[in-house]
$ cat data-v8.cif   # mmCIF, C-alpha atoms
data_input
#
loop_
_atom_site.label_atom_id
_atom_site.label_comp_id
_atom_site.auth_asym_id
_atom_site.auth_seq_id
_atom_site.Cartn_x
_atom_site.Cartn_y
_atom_site.Cartn_z
CA MET F 238 0.00 0.00 0.00
CA ALA F 239 1.37 3.40 -0.97
CA VAL F 240 1.80 6.20 1.55
CA PRO F 241 -1.12 8.65 1.13
CA SER F 242 -0.33 11.97 -0.49
CA GLY F 243 -0.66 15.21 1.41
CA ARG F 244 0.15 15.98 5.03
CA ILE F 245 1.33 12.84 6.83
CA CYS F 246 2.89 11.88 10.13
CA ALA F 247 5.56 9.17 10.05
CA ILE F 248 5.99 7.41 13.40
CA ASN F 249 9.29 5.52 13.36
CA PHE F 250 10.09 2.80 15.89
CA LEU F 251 13.87 2.45 16.08
CA PRO F 252 16.15 -0.24 17.54
CA LEU F 253 19.74 0.68 18.36
CA LYS F 254 22.57 -1.19 16.70
CA GLN F 255 24.44 -3.62 18.92
CA GLY F 256 26.88 -1.54 21.01
CA ALA F 257 25.22 1.83 20.31
CA THR F 258 23.74 3.82 23.18
CA ILE F 259 20.71 6.04 23.64
CA GLU F 260 23.12 8.85 24.56
CA GLN F 261 24.83 8.54 21.17
CA PHE F 262 21.48 8.76 19.43
CA GLU F 263 20.40 11.71 21.59
CA ARG F 264 23.50 13.68 20.53
CA PHE F 265 23.02 12.76 16.88
CA SER F 266 19.32 13.61 16.97
CA ALA F 267 19.63 16.91 18.85
CA GLU F 268 22.73 18.20 17.07
CA LEU F 269 22.27 16.97 13.50
CA ASP F 270 19.11 15.02 12.64
CA GLN F 271 16.36 17.25 14.02
CA PRO F 272 17.93 20.62 13.13
CA THR F 273 18.76 19.54 9.57
CA CYS F 274 15.36 18.00 8.92
CA LEU F 275 13.45 20.88 10.50
CA ALA F 276 15.36 23.31 8.25
CA GLN F 277 13.61 21.72 5.24
CA ASP F 278 10.42 23.51 4.23
CA VAL F 279 8.53 20.24 3.72
CA VAL F 280 9.07 19.18 7.36
CA GLU F 281 6.38 20.63 9.63
CA GLY F 282 7.43 18.94 12.88
CA PHE F 283 9.97 16.47 14.21
CA ASP F 284 10.23 15.02 17.71
CA ALA F 285 12.36 12.15 19.01
CA TYR F 286 11.83 10.14 22.18
CA ALA F 287 14.08 7.75 24.08
CA VAL F 288 12.19 4.76 25.49
CA ARG F 289 12.95 4.72 29.23
CA HIS F 290 10.37 2.15 30.31
CA ARG F 291 8.07 -0.30 28.58
CA ASP F 292 5.14 -2.38 29.74
CA PRO F 293 5.51 -6.17 29.70
CA GLY F 294 4.91 -7.43 26.18
CA ALA F 295 5.54 -4.05 24.56
CA PRO F 296 7.74 -4.04 21.44
CA GLY F 297 11.47 -3.79 22.16
CA PHE F 298 12.24 -0.53 20.36
CA ASP F 299 14.72 1.90 21.92
CA LEU F 300 13.61 5.14 20.29
CA VAL F 301 10.60 6.70 18.61
CA GLU F 302 10.67 9.51 16.06
CA VAL F 303 7.58 11.41 14.97
CA MET F 304 7.93 13.50 11.82
CA THR F 305 5.12 15.43 10.16
CA VAL F 306 5.65 16.44 6.56
CA ARG F 307 3.59 18.39 4.06
CA ASP F 308 3.80 15.49 1.59
CA TRP F 309 5.69 12.17 1.84
CA GLY F 310 6.69 12.06 -1.82
CA GLU F 311 8.11 15.57 -1.57
CA TRP F 312 9.98 14.59 1.61
CA GLU F 313 11.47 11.53 -0.12
CA ARG F 314 12.72 13.71 -2.99
CA VAL F 315 14.33 16.16 -0.53
CA ARG F 316 15.75 13.39 1.68
CA ASP F 317 17.25 11.49 -1.25
CA GLY F 318 18.52 14.48 -3.22
CA LEU F 319 19.80 17.05 -0.73
CA GLU F 320 23.53 17.01 -0.03
CA ALA F 321 22.97 18.41 3.50
CA LEU F 322 21.03 15.28 4.45
CA LYS F 323 23.82 12.82 3.58
CA PRO F 324 25.54 13.24 7.00
CA VAL F 325 22.15 12.68 8.65
CA VAL F 326 21.65 9.37 6.83
CA GLU F 327 25.23 8.32 7.62
CA GLY F 328 24.83 9.23 11.31
CA PHE F 329 21.52 7.38 11.50
CA ASP F 330 23.10 4.27 9.99
CA GLN F 331 25.90 4.35 12.58
CA VAL F 332 23.57 3.98 15.58
CA ILE F 333 20.28 2.49 14.30
CA ASP F 334 19.66 -1.08 13.14
CA GLY F 335 17.97 -0.22 9.84
CA ASP F 336 16.61 -3.74 9.33
CA GLY F 337 14.60 -3.42 12.54
CA VAL F 338 13.01 -0.01 11.88
CA ARG F 339 9.23 -0.02 11.64
CA THR F 340 7.13 2.92 10.46
CA LEU F 341 3.46 3.80 10.78
CA PHE F 342 1.99 6.56 8.62
CA GLY F 343 -0.94 8.52 9.97
CA THR F 344 -3.07 11.46 9.03
CA PRO F 345 -4.22 13.98 11.62
CA ILE F 346 -7.63 13.66 13.25
CA GLN F 347 -8.90 17.13 14.03
CA PRO F 348 -10.99 17.76 17.14
CA ARG F 349 -14.63 18.61 16.58
CA ARG F 350 -15.70 22.02 17.68
#
$ encode --input "data-v8.cif" --output "structure tokens"
Amino acid sequence: MAVPSGRICAINFLPLKQGATIEQFERFSAELDQPTCLAQDVVEGFDAYAVRHRDPGAPGFDLVEVMTVRDWGEWERVRDGLEALKPVVEGFDQVIDGDGVRTLFGTPIQPRR
């Protein structure tokens, strides 16, 4: 199933690579990933969370990223074509087990007035 066009929220569940630490990811995220992504016009919001506790039976992810973009296809073109994002992708690959990443795509539900 294709990602819907238009405004979308990508919720990424991220496992650390063996030997990587949450602190390494926090530095990468705060100093490079979030500022670089948020500087792109297509990115409307970007938050990252370190998992500090999980209920029994909860999935074993270490981090969660929530990124809202104006359009996923536009974001993919920017992500794949912008030179400034290459260090972000490289940094991500150093600390995150890419094979274990899982993503949910959601559209906003507005409150009724």
$ residues_near_point --input "data-v8.cif" --point "(20.8, 14.2, 15.7)" --cutoff "12 Å" --atoms "all atoms listed in the file" --output "ChimeraX atom specification"
/F:259-275,283-286,302,322,324-333
$ resolve_selection --input "data-v8.cif" --expression "the PyMOL selection byres ((chain F and resi 244) around 12)" --output "compact mmCIF listing (two decimals) with C-alpha atoms, in the coordinates of the input"
# COMPACT_ATOMS: atom_id res chain seq x y z
CA VAL F 240 1.80 6.20 1.55
CA PRO F 241 -1.12 8.65 1.13
CA SER F 242 -0.33 11.97 -0.49
CA GLY F 243 -0.66 15.21 1.41
CA ILE F 245 1.33 12.84 6.83
CA CYS F 246 2.89 11.88 10.13
CA ALA F 247 5.56 9.17 10.05
CA VAL F 279 8.53 20.24 3.72
CA VAL F 280 9.07 19.18 7.36
CA GLU F 281 6.38 20.63 9.63
CA GLY F 282 7.43 18.94 12.88
CA MET F 304 7.93 13.50 11.82
CA THR F 305 5.12 15.43 10.16
CA VAL F 306 5.65 16.44 6.56
CA ARG F 307 3.59 18.39 4.06
CA ASP F 308 3.80 15.49 1.59
CA TRP F 309 5.69 12.17 1.84
CA GLY F 310 6.69 12.06 -1.82
CA GLU F 311 8.11 15.57 -1.57
CA TRP F 312 9.98 14.59 1.61
CA PHE F 342 1.99 6.56 8.62
CA GLY F 343 -0.94 8.52 9.97
CA THR F 344 -3.07 11.46 9.03
CA PRO F 345 -4.22 13.98 11.62
CA ILE F 346 -7.63 13.66 13.25
$ resolve_selection --input "data-v8.cif" --expression "the PyMOL selection byres ((chain F and resi 339) around 7)" --output "PyMOL selection string"
chain F and resi 249-251+337-338+340-341
$ write_last_selection --input "data-v8.cif" --atoms "C-alpha atoms" --output "short mmCIF file (atom, residue, chain, number, x, y, z; two decimals), in the frame of the given file"
data_model
loop_
_atom_site.label_atom_id
_atom_site.label_comp_id
_atom_site.auth_asym_id
_atom_site.auth_seq_id
_atom_site.Cartn_x
_atom_site.Cartn_y
_atom_site.Cartn_z
CA ASN F 249 9.29 5.52 13.36
CA PHE F 250 10.09 2.80 15.89
CA LEU F 251 13.87 2.45 16.08
CA GLY F 337 14.60 -3.42 12.54
CA VAL F 338 13.01 -0.01 11.88
CA THR F 340 7.13 2.92 10.46
CA LEU F 341 3.46 3.80 10.78
#
$ resolve_selection --input "data-v8.cif" --expression "the PyMOL selection byres ((chain F and resi 254) around 7)" --output "ChimeraX atom specification"
/F:252-253,255-257,332-334
$ axis_aligned_box --input "data-v8.cif" --around "range 317-327 of chain F" --padding-each-side "3 Å" --output "lines of an AutoDock Vina configuration file"
center_x = 21.4
center_y = 13.4
center_z = 2.7
size_x = 14.3
size_y = 16.1
size_z = 17.9
$ atom_distance --input "data-v8.cif" --atom1 "CA of Ala276 in chain F" --atom2 "CA of Ala321 in chain F"
10.2 Å
$ atom_distance --input "data-v8.cif" --atom1 "CA of Val301 in chain F" --atom2 "CA of Ala287 in chain F"
6.6 Å
$ atom_distance --input "data-v8.cif" --atom1 "CA of Thr258 in chain F" --atom2 "CA of Asp292 in chain F"
20.7 Å
$ decode --input "data-v8.cif" --residues "range 282-295 of chain F" --atoms "N, CA, C and O atoms" --output "short mmCIF file (atom, residue, chain, number, x, y, z; two decimals), in the first residue's frame"
data_model
loop_
_atom_site.label_atom_id
_atom_site.label_comp_id
_atom_site.auth_asym_id
_atom_site.auth_seq_id
_atom_site.Cartn_x
_atom_site.Cartn_y
_atom_site.Cartn_z
N GLY F 282 7.14 19.23 11.47
CA GLY F 282 7.43 18.94 12.88
C GLY F 282 8.28 17.69 12.98
O GLY F 282 8.21 16.82 12.10
N PHE F 283 9.10 17.62 14.04
CA PHE F 283 9.97 16.47 14.21
C PHE F 283 10.33 16.37 15.68
O PHE F 283 10.97 17.25 16.23
N ASP F 284 9.91 15.29 16.31
CA ASP F 284 10.23 15.02 17.71
C ASP F 284 10.85 13.63 17.81
O ASP F 284 10.49 12.73 17.04
N ALA F 285 11.75 13.46 18.75
CA ALA F 285 12.36 12.15 19.01
C ALA F 285 12.24 11.85 20.49
O ALA F 285 12.33 12.75 21.33
N TYR F 286 12.04 10.58 20.81
CA TYR F 286 11.83 10.14 22.18
C TYR F 286 12.69 8.92 22.47
O TYR F 286 12.72 7.98 21.67
N ALA F 287 13.35 8.93 23.61
CA ALA F 287 14.08 7.75 24.08
C ALA F 287 13.12 6.93 24.94
O ALA F 287 12.45 7.48 25.83
N VAL F 288 13.05 5.64 24.70
CA VAL F 288 12.19 4.76 25.49
C VAL F 288 12.92 4.47 26.81
O VAL F 288 14.00 3.90 26.81
N ARG F 289 12.34 4.89 27.90
CA ARG F 289 12.95 4.72 29.23
C ARG F 289 12.30 3.61 30.04
O ARG F 289 12.85 3.16 31.02
N HIS F 290 11.10 3.23 29.62
CA HIS F 290 10.37 2.15 30.31
C HIS F 290 9.36 1.59 29.32
O HIS F 290 8.83 2.31 28.49
N ARG F 291 9.11 0.30 29.42
CA ARG F 291 8.07 -0.30 28.58
C ARG F 291 7.28 -1.30 29.40
O ARG F 291 7.81 -1.93 30.31
N ASP F 292 6.00 -1.40 29.09
CA ASP F 292 5.14 -2.38 29.74
C ASP F 292 5.53 -3.79 29.29
O ASP F 292 6.07 -3.96 28.19
N PRO F 293 5.25 -4.79 30.12
CA PRO F 293 5.51 -6.17 29.70
C PRO F 293 4.79 -6.47 28.37
O PRO F 293 3.64 -6.07 28.18
N GLY F 294 5.50 -7.09 27.47
CA GLY F 294 4.91 -7.43 26.18
C GLY F 294 4.99 -6.34 25.13
O GLY F 294 4.64 -6.57 23.98
N ALA F 295 5.42 -5.14 25.53
CA ALA F 295 5.54 -4.05 24.56
C ALA F 295 6.71 -4.33 23.61
O ALA F 295 7.68 -4.99 23.99
#
